Amino acid sequence: MHRRDFLTVGKARKKIVAQAATSDSVSPARTLSGINPYTGTWGTNEVIHLLKRTMFGAKKADVDYFGNLTMNQAVDELLNPTASNPAPPVKEYTTSTQPGTPDANIAQGSTWVNDINNDGTVQSQRTSSYKKWWTGTMINQDRSIKEKMIFLWTDHFGNQANEVGVGNWTYKQHTTIRQNCLGNFKQLVRDITIDLSMLRYLNGYLNTAAAPDENYGRELQELFTMGKGPDSKYTEQDVKEAAKVLTGWQINGNTYQTVFTSSRHSPVNKTFSAFYNNTVITGRTGATAGDLELNDLMNMLFAQPEVAKFIVRKFYRWFIYYDIDAATEVNVITPLADIFRTNNYNILPVLSALFKSEHFYDVLNQSCIIKTPADVVIGSIREYAVAMPLASDWNTSYGHWNTLYLYMLIMGLDLHDPPNVAGMPAYYQEPLFHEIWITTDSLPKRNQFTDVMTNSGFSRNGFRMQFDFVAYAKTLSNPGNPNDLIDEALKYLYRMTLSPQVKQQMKTQMLLSGQQYDYYWTNAWSAYIASPTTANFNIVNIRIRDLFRYLMNLSEYQLS
């Protein structure tokens, strides 16, 4: 299937011709809705749309829970998580515990995050352990947007964990993002600027007065704050001056702490371009020079309106759609950016306005984003409420989390390891954007994952991780009626409708085993409920398994 053909599935959307707000010419607009509060229907469809965009998958239990709240209450709860932070990753990898070996002082099942260890093999194992742990953390997420925001910011700051090479530092960066993911963006950027992984990845630790390294000073502006939009006009001189501001920061490999060495810092005044109003950051000396100049740099950057617009566009492409046309720029991006700046770059007010807006629930903004590999893998595990090992069984848990991580990897997503500092191409690579997730290689692997989880699952230490469609059907309102079963499954699992002809074909060929009348399924289901023997279970399981496998292999399942 050609990618362009895939993207036209179920789409009969016409371009709306609208008067551009800033000119007398007529230009095409996908939709004219803005950030006015949404006042339309708040039903199951809208709840599922909200949850699929803000969490990994929309579990039926979560849909039912948020369906009992108002739209405002649901958004407020999603944006204000109360769950405690997850327990840190543990040593589940195999390393000798004999005295004198690299990792002997950490027992199996104990956390390694506070242990300083400069052995390359051990740190490679810890990086892998972190990725397994993060996979499990996403599966066990609370009813909030927190894990999705951690996913977003980790991509935004584009560190390659395998290149950094120290699992402890990668985990530490993760905790920094976790603590600030819904807080103040300016503070988050400041913290990341002197983060161990960032200093290592973009050579900040090599940045000295004698030999300024421009790597981070460039990416700070181009990728992390200003972007490359039409109004982002910083200069090469601004990159050089920012590099001088950031000289002197280093990594203490014995303590795993960021340190500032004043003797390596450039004490000269740093003069920026007209884009920054010819700001001069006064050069300082002494132990506080690094912090003081970093604060000045942050103040200068965040005085620019383009920062707010750049980040709001990033939110838009993650949560709404990849195409930002002129009407969207005027009706959505600009007013949200104003909210961002007015609120001193606090993240919550922007997301609250976005998720409560008429634009978010606009029908043209539903069913239009291709799922990431995480939404496919983690989302399906959560939506089908797949049973997982007890938390205390860390060996089995990490083994299964590794399987799920590896499936995301072969679909094109390596957690905390994007292809480059710009992050995942699906969020910046024009003109394809999210279409990049679907290729002739990745689509079959998506289907392979759901097929294996349907047919045999994955077994480790006697524990099988597998979709249980019979158990899932029991959570629906009327699974004994084949029409209701299909309709309700589509309602929760899909973001698009199927034609009556397709649904009739699925019912006849799968639930009715080729028979004509609905009672062939109803009688089989009733017999199983009355007497759940192995024989009765197998009869309904085979039929319902074929139905759900077919549903997940259709193109529509790949849309969120």
# chains A, B, ... in the order shown; residues from 1 in each chain; ligands from 1
$ residues_around --residues "Asn215 (chain A)" --least-positions-apart "2" --cutoff "8 Å" --atoms "only C-alpha atoms" --output "count of residues only"
8
$ residues_around --residues "Thr41 (chain A)" --least-positions-apart "2" --cutoff "12 Å" --atoms "only C-alpha atoms" --output "PyMOL selection string"
chain A and resi 38-39+43-47+67+70-71+358+361-363
$ residues_around --residues "region 549-555 of chain A" --least-positions-apart "6" --cutoff "12 Å" --atoms "only C-alpha atoms" --output "ChimeraX atom specification"
/A:1-11,367,370-371,376-377,380,438,443-455,467-469,486-487,489-498,502-503,505-507,509-511,541-543
$ residues_around --residues "region 460-462 of chain A" --least-positions-apart "5" --cutoff "9 Å" --atoms "only C-alpha atoms" --output "number ranges by chain"
A: 395-397, 399-400
$ write_last_selection --atoms "N, CA and C atoms" --output "compact mmCIF listing (two decimals), in the first residue's frame"
# COMPACT_ATOMS: atom_id res chain seq x y z
N ASN A 395 12.36 -9.43 37.16
CA ASN A 395 13.00 -10.16 36.07
C ASN A 395 12.03 -10.40 34.92
N THR A 396 10.83 -10.87 35.25
CA THR A 396 9.83 -11.12 34.22
C THR A 396 9.34 -9.81 33.62
N SER A 397 9.12 -8.81 34.46
CA SER A 397 8.63 -7.52 33.99
C SER A 397 9.59 -6.90 32.98
N GLY A 399 11.85 -8.29 31.23
CA GLY A 399 11.92 -9.10 30.01
C GLY A 399 10.79 -8.76 29.05
N HIS A 400 9.57 -8.63 29.58
CA HIS A 400 8.44 -8.28 28.72
C HIS A 400 8.53 -6.84 28.25
$ closest_atom_pairs --of "region 75-161 of chain A" --to "region 381-386 of chain A" --cutoff "10 Å" --atoms "only C-alpha atoms" --output "JSON lines"
{"residue": "A:Met138", "atom": "CA", "partner": "A:Arg382", "partner_atom": "CA", "distance": 9.3}
{"residue": "A:Ile139", "atom": "CA", "partner": "A:Arg382", "partner_atom": "CA", "distance": 6.4}
{"residue": "A:Asn140", "atom": "CA", "partner": "A:Arg382", "partner_atom": "CA", "distance": 8.3}
{"residue": "A:Gln141", "atom": "CA", "partner": "A:Arg382", "partner_atom": "CA", "distance": 9.4}
$ write_last_selection --atoms "N, CA and C atoms" --output "PDB file, in the first residue's frame"
ATOM      1  N   MET A 138       5.456   3.827  31.004  1.00  0.00           N
ATOM      2  CA  MET A 138       4.391   4.292  30.114  1.00  0.00           C
ATOM      3  C   MET A 138       3.171   3.379  30.184  1.00  0.00           C
ATOM      4  N   ILE A 139       3.412   2.078  30.289  1.00  0.00           N
ATOM      5  CA  ILE A 139       2.297   1.132  30.412  1.00  0.00           C
ATOM      6  C   ILE A 139       1.508   1.407  31.687  1.00  0.00           C
ATOM      7  N   ASN A 140       2.214   1.692  32.760  1.00  0.00           N
ATOM      8  CA  ASN A 140       1.583   1.863  34.075  1.00  0.00           C
ATOM      9  C   ASN A 140       1.238   3.317  34.390  1.00  0.00           C
ATOM     10  N   GLN A 141       1.106   4.137  33.368  1.00  0.00           N
ATOM     11  CA  GLN A 141       0.846   5.564  33.578  1.00  0.00           C
ATOM     12  C   GLN A 141      -0.461   5.786  34.335  1.00  0.00           C
TER      13      GLN A 141
END
$ decode --residues "region 229-274 of chain A" --atoms "N, CA and C atoms" --output "PDB file, in the first residue's frame"
ATOM      1  N   GLY A 229      11.471  29.461  12.184  1.00  0.00           N
ATOM      2  CA  GLY A 229      10.327  30.101  11.564  1.00  0.00           C
ATOM      3  C   GLY A 229      10.692  31.401  10.880  1.00  0.00           C
ATOM      4  N   PRO A 230       9.735  31.984  10.163  1.00  0.00           N
ATOM      5  CA  PRO A 230      10.021  33.205   9.395  1.00  0.00           C
ATOM      6  C   PRO A 230      10.430  34.397  10.248  1.00  0.00           C
ATOM      7  N   ASP A 231      10.037  34.410  11.512  1.00  0.00           N
ATOM      8  CA  ASP A 231      10.379  35.533  12.388  1.00  0.00           C
ATOM      9  C   ASP A 231      11.528  35.209  13.332  1.00  0.00           C
ATOM     10  N   SER A 232      12.201  34.098  13.086  1.00  0.00           N
ATOM     11  CA  SER A 232      13.357  33.724  13.898  1.00  0.00           C
ATOM     12  C   SER A 232      14.612  34.176  13.162  1.00  0.00           C
ATOM     13  N   LYS A 233      15.156  35.326  13.564  1.00  0.00           N
ATOM     14  CA  LYS A 233      16.215  35.954  12.794  1.00  0.00           C
ATOM     15  C   LYS A 233      17.490  36.176  13.612  1.00  0.00           C
ATOM     16  N   TYR A 234      17.780  35.229  14.481  1.00  0.00           N
ATOM     17  CA  TYR A 234      19.057  35.314  15.183  1.00  0.00           C
ATOM     18  C   TYR A 234      20.182  35.106  14.172  1.00  0.00           C
ATOM     19  N   THR A 235      21.350  35.532  14.523  1.00  0.00           N
ATOM     20  CA  THR A 235      22.469  35.523  13.579  1.00  0.00           C
ATOM     21  C   THR A 235      23.571  34.563  14.019  1.00  0.00           C
ATOM     22  N   GLU A 236      24.532  34.388  13.138  1.00  0.00           N
ATOM     23  CA  GLU A 236      25.688  33.562  13.464  1.00  0.00           C
ATOM     24  C   GLU A 236      26.459  34.166  14.626  1.00  0.00           C
ATOM     25  N   GLN A 237      26.479  35.495  14.682  1.00  0.00           N
ATOM     26  CA  GLN A 237      27.140  36.155  15.793  1.00  0.00           C
ATOM     27  C   GLN A 237      26.440  35.826  17.114  1.00  0.00           C
ATOM     28  N   ASP A 238      25.113  35.695  17.093  1.00  0.00           N
ATOM     29  CA  ASP A 238      24.368  35.335  18.301  1.00  0.00           C
ATOM     30  C   ASP A 238      24.760  33.944  18.787  1.00  0.00           C
ATOM     31  N   VAL A 239      25.014  33.036  17.847  1.00  0.00           N
ATOM     32  CA  VAL A 239      25.464  31.691  18.216  1.00  0.00           C
ATOM     33  C   VAL A 239      26.815  31.763  18.912  1.00  0.00           C
ATOM     34  N   LYS A 240      27.724  32.551  18.356  1.00  0.00           N
ATOM     35  CA  LYS A 240      29.069  32.670  18.927  1.00  0.00           C
ATOM     36  C   LYS A 240      29.024  33.303  20.323  1.00  0.00           C
ATOM     37  N   GLU A 241      28.180  34.327  20.482  1.00  0.00           N
ATOM     38  CA  GLU A 241      28.100  35.000  21.771  1.00  0.00           C
ATOM     39  C   GLU A 241      27.456  34.102  22.827  1.00  0.00           C
ATOM     40  N   ALA A 242      26.434  33.345  22.421  1.00  0.00           N
ATOM     41  CA  ALA A 242      25.808  32.407  23.364  1.00  0.00           C
ATOM     42  C   ALA A 242      26.812  31.360  23.820  1.00  0.00           C
ATOM     43  N   ALA A 243      27.664  30.919  22.896  1.00  0.00           N
ATOM     44  CA  ALA A 243      28.687  29.939  23.255  1.00  0.00           C
ATOM     45  C   ALA A 243      29.620  30.512  24.323  1.00  0.00           C
ATOM     46  N   LYS A 244      29.967  31.781  24.213  1.00  0.00           N
ATOM     47  CA  LYS A 244      30.846  32.402  25.209  1.00  0.00           C
ATOM     48  C   LYS A 244      30.165  32.478  26.577  1.00  0.00           C
ATOM     49  N   VAL A 245      28.869  32.787  26.566  1.00  0.00           N
ATOM     50  CA  VAL A 245      28.123  32.834  27.825  1.00  0.00           C
ATOM     51  C   VAL A 245      28.202  31.501  28.550  1.00  0.00           C
ATOM     52  N   LEU A 246      28.174  30.426  27.784  1.00  0.00           N
ATOM     53  CA  LEU A 246      28.065  29.082  28.356  1.00  0.00           C
ATOM     54  C   LEU A 246      29.411  28.413  28.608  1.00  0.00           C
ATOM     55  N   THR A 247      30.486  29.140  28.469  1.00  0.00           N
ATOM     56  CA  THR A 247      31.797  28.541  28.749  1.00  0.00           C
ATOM     57  C   THR A 247      31.966  28.258  30.244  1.00  0.00           C
ATOM     58  N   GLY A 248      32.708  27.210  30.546  1.00  0.00           N
ATOM     59  CA  GLY A 248      33.081  26.916  31.933  1.00  0.00           C
ATOM     60  C   GLY A 248      32.310  25.798  32.605  1.00  0.00           C
ATOM     61  N   TRP A 249      31.209  25.334  31.972  1.00  0.00           N
ATOM     62  CA  TRP A 249      30.436  24.252  32.597  1.00  0.00           C
ATOM     63  C   TRP A 249      31.076  22.910  32.260  1.00  0.00           C
ATOM     64  N   GLN A 250      31.211  22.048  33.266  1.00  0.00           N
ATOM     65  CA  GLN A 250      31.869  20.760  33.094  1.00  0.00           C
ATOM     66  C   GLN A 250      31.112  19.644  33.817  1.00  0.00           C
ATOM     67  N   ILE A 251      31.588  18.434  33.592  1.00  0.00           N
ATOM     68  CA  ILE A 251      31.033  17.240  34.233  1.00  0.00           C
ATOM     69  C   ILE A 251      32.080  16.668  35.180  1.00  0.00           C
ATOM     70  N   ASN A 252      31.679  16.451  36.415  1.00  0.00           N
ATOM     71  CA  ASN A 252      32.558  15.760  37.353  1.00  0.00           C
ATOM     72  C   ASN A 252      32.249  14.264  37.255  1.00  0.00           C
ATOM     73  N   GLY A 253      33.169  13.529  36.616  1.00  0.00           N
ATOM     74  CA  GLY A 253      32.953  12.108  36.403  1.00  0.00           C
ATOM     75  C   GLY A 253      33.040  11.272  37.660  1.00  0.00           C
ATOM     76  N   ASN A 254      33.554  11.843  38.730  1.00  0.00           N
ATOM     77  CA  ASN A 254      33.662  11.111  39.996  1.00  0.00           C
ATOM     78  C   ASN A 254      32.419  11.245  40.866  1.00  0.00           C
ATOM     79  N   THR A 255      31.666  12.320  40.634  1.00  0.00           N
ATOM     80  CA  THR A 255      30.468  12.557  41.449  1.00  0.00           C
ATOM     81  C   THR A 255      29.181  12.568  40.634  1.00  0.00           C
ATOM     82  N   TYR A 256      29.297  12.568  39.297  1.00  0.00           N
ATOM     83  CA  TYR A 256      28.141  12.693  38.399  1.00  0.00           C
ATOM     84  C   TYR A 256      27.364  13.970  38.707  1.00  0.00           C
ATOM     85  N   GLN A 257      28.102  15.060  38.830  1.00  0.00           N
ATOM     86  CA  GLN A 257      27.507  16.367  39.080  1.00  0.00           C
ATOM     87  C   GLN A 257      28.013  17.377  38.054  1.00  0.00           C
ATOM     88  N   THR A 258      27.153  18.346  37.747  1.00  0.00           N
ATOM     89  CA  THR A 258      27.578  19.466  36.916  1.00  0.00           C
ATOM     90  C   THR A 258      28.366  20.459  37.777  1.00  0.00           C
ATOM     91  N   VAL A 259      29.483  20.931  37.265  1.00  0.00           N
ATOM     92  CA  VAL A 259      30.290  21.905  38.005  1.00  0.00           C
ATOM     93  C   VAL A 259      30.624  23.071  37.083  1.00  0.00           C
ATOM     94  N   PHE A 260      30.852  24.230  37.674  1.00  0.00           N
ATOM     95  CA  PHE A 260      31.279  25.404  36.911  1.00  0.00           C
ATOM     96  C   PHE A 260      32.709  25.747  37.317  1.00  0.00           C
ATOM     97  N   THR A 261      33.572  25.866  36.324  1.00  0.00           N
ATOM     98  CA  THR A 261      34.979  26.204  36.561  1.00  0.00           C
ATOM     99  C   THR A 261      35.232  27.596  36.025  1.00  0.00           C
ATOM    100  N   SER A 262      35.384  28.542  36.923  1.00  0.00           N
ATOM    101  CA  SER A 262      35.476  29.951  36.511  1.00  0.00           C
ATOM    102  C   SER A 262      36.690  30.231  35.633  1.00  0.00           C
ATOM    103  N   SER A 263      37.764  29.473  35.812  1.00  0.00           N
ATOM    104  CA  SER A 263      38.970  29.715  35.022  1.00  0.00           C
ATOM    105  C   SER A 263      38.785  29.357  33.548  1.00  0.00           C
ATOM    106  N   ARG A 264      37.771  28.571  33.253  1.00  0.00           N
ATOM    107  CA  ARG A 264      37.482  28.187  31.864  1.00  0.00           C
ATOM    108  C   ARG A 264      36.425  29.087  31.232  1.00  0.00           C
ATOM    109  N   HIS A 265      35.912  30.038  31.996  1.00  0.00           N
ATOM    110  CA  HIS A 265      34.805  30.886  31.528  1.00  0.00           C
ATOM    111  C   HIS A 265      35.322  32.167  30.875  1.00  0.00           C
ATOM    112  N   SER A 266      34.633  32.583  29.838  1.00  0.00           N
ATOM    113  CA  SER A 266      34.992  33.823  29.134  1.00  0.00           C
ATOM    114  C   SER A 266      34.400  35.019  29.881  1.00  0.00           C
ATOM    115  N   PRO A 267      35.241  35.928  30.408  1.00  0.00           N
ATOM    116  CA  PRO A 267      34.739  37.046  31.212  1.00  0.00           C
ATOM    117  C   PRO A 267      34.377  38.281  30.390  1.00  0.00           C
ATOM    118  N   VAL A 268      34.499  38.209  29.073  1.00  0.00           N
ATOM    119  CA  VAL A 268      34.243  39.392  28.242  1.00  0.00           C
ATOM    120  C   VAL A 268      32.746  39.659  28.141  1.00  0.00           C
ATOM    121  N   ASN A 269      32.387  40.892  27.811  1.00  0.00           N
ATOM    122  CA  ASN A 269      30.983  41.200  27.530  1.00  0.00           C
ATOM    123  C   ASN A 269      30.551  40.509  26.238  1.00  0.00           C
ATOM    124  N   LYS A 270      29.307  40.045  26.217  1.00  0.00           N
ATOM    125  CA  LYS A 270      28.783  39.352  25.045  1.00  0.00           C
ATOM    126  C   LYS A 270      27.704  40.227  24.401  1.00  0.00           C
ATOM    127  N   THR A 271      27.935  40.643  23.161  1.00  0.00           N
ATOM    128  CA  THR A 271      27.033  41.568  22.476  1.00  0.00           C
ATOM    129  C   THR A 271      26.238  40.822  21.403  1.00  0.00           C
ATOM    130  N   PHE A 272      24.926  40.893  21.499  1.00  0.00           N
ATOM    131  CA  PHE A 272      24.049  40.170  20.581  1.00  0.00           C
ATOM    132  C   PHE A 272      23.473  41.109  19.521  1.00  0.00           C
ATOM    133  N   SER A 273      22.827  40.534  18.526  1.00  0.00           N
ATOM    134  CA  SER A 273      22.375  41.273  17.345  1.00  0.00           C
ATOM    135  C   SER A 273      21.117  42.089  17.616  1.00  0.00           C
ATOM    136  N   ALA A 274      20.689  42.802  16.583  1.00  0.00           N
ATOM    137  CA  ALA A 274      19.468  43.604  16.670  1.00  0.00           C
ATOM    138  C   ALA A 274      18.249  42.729  16.929  1.00  0.00           C
TER     139      ALA A 274
END
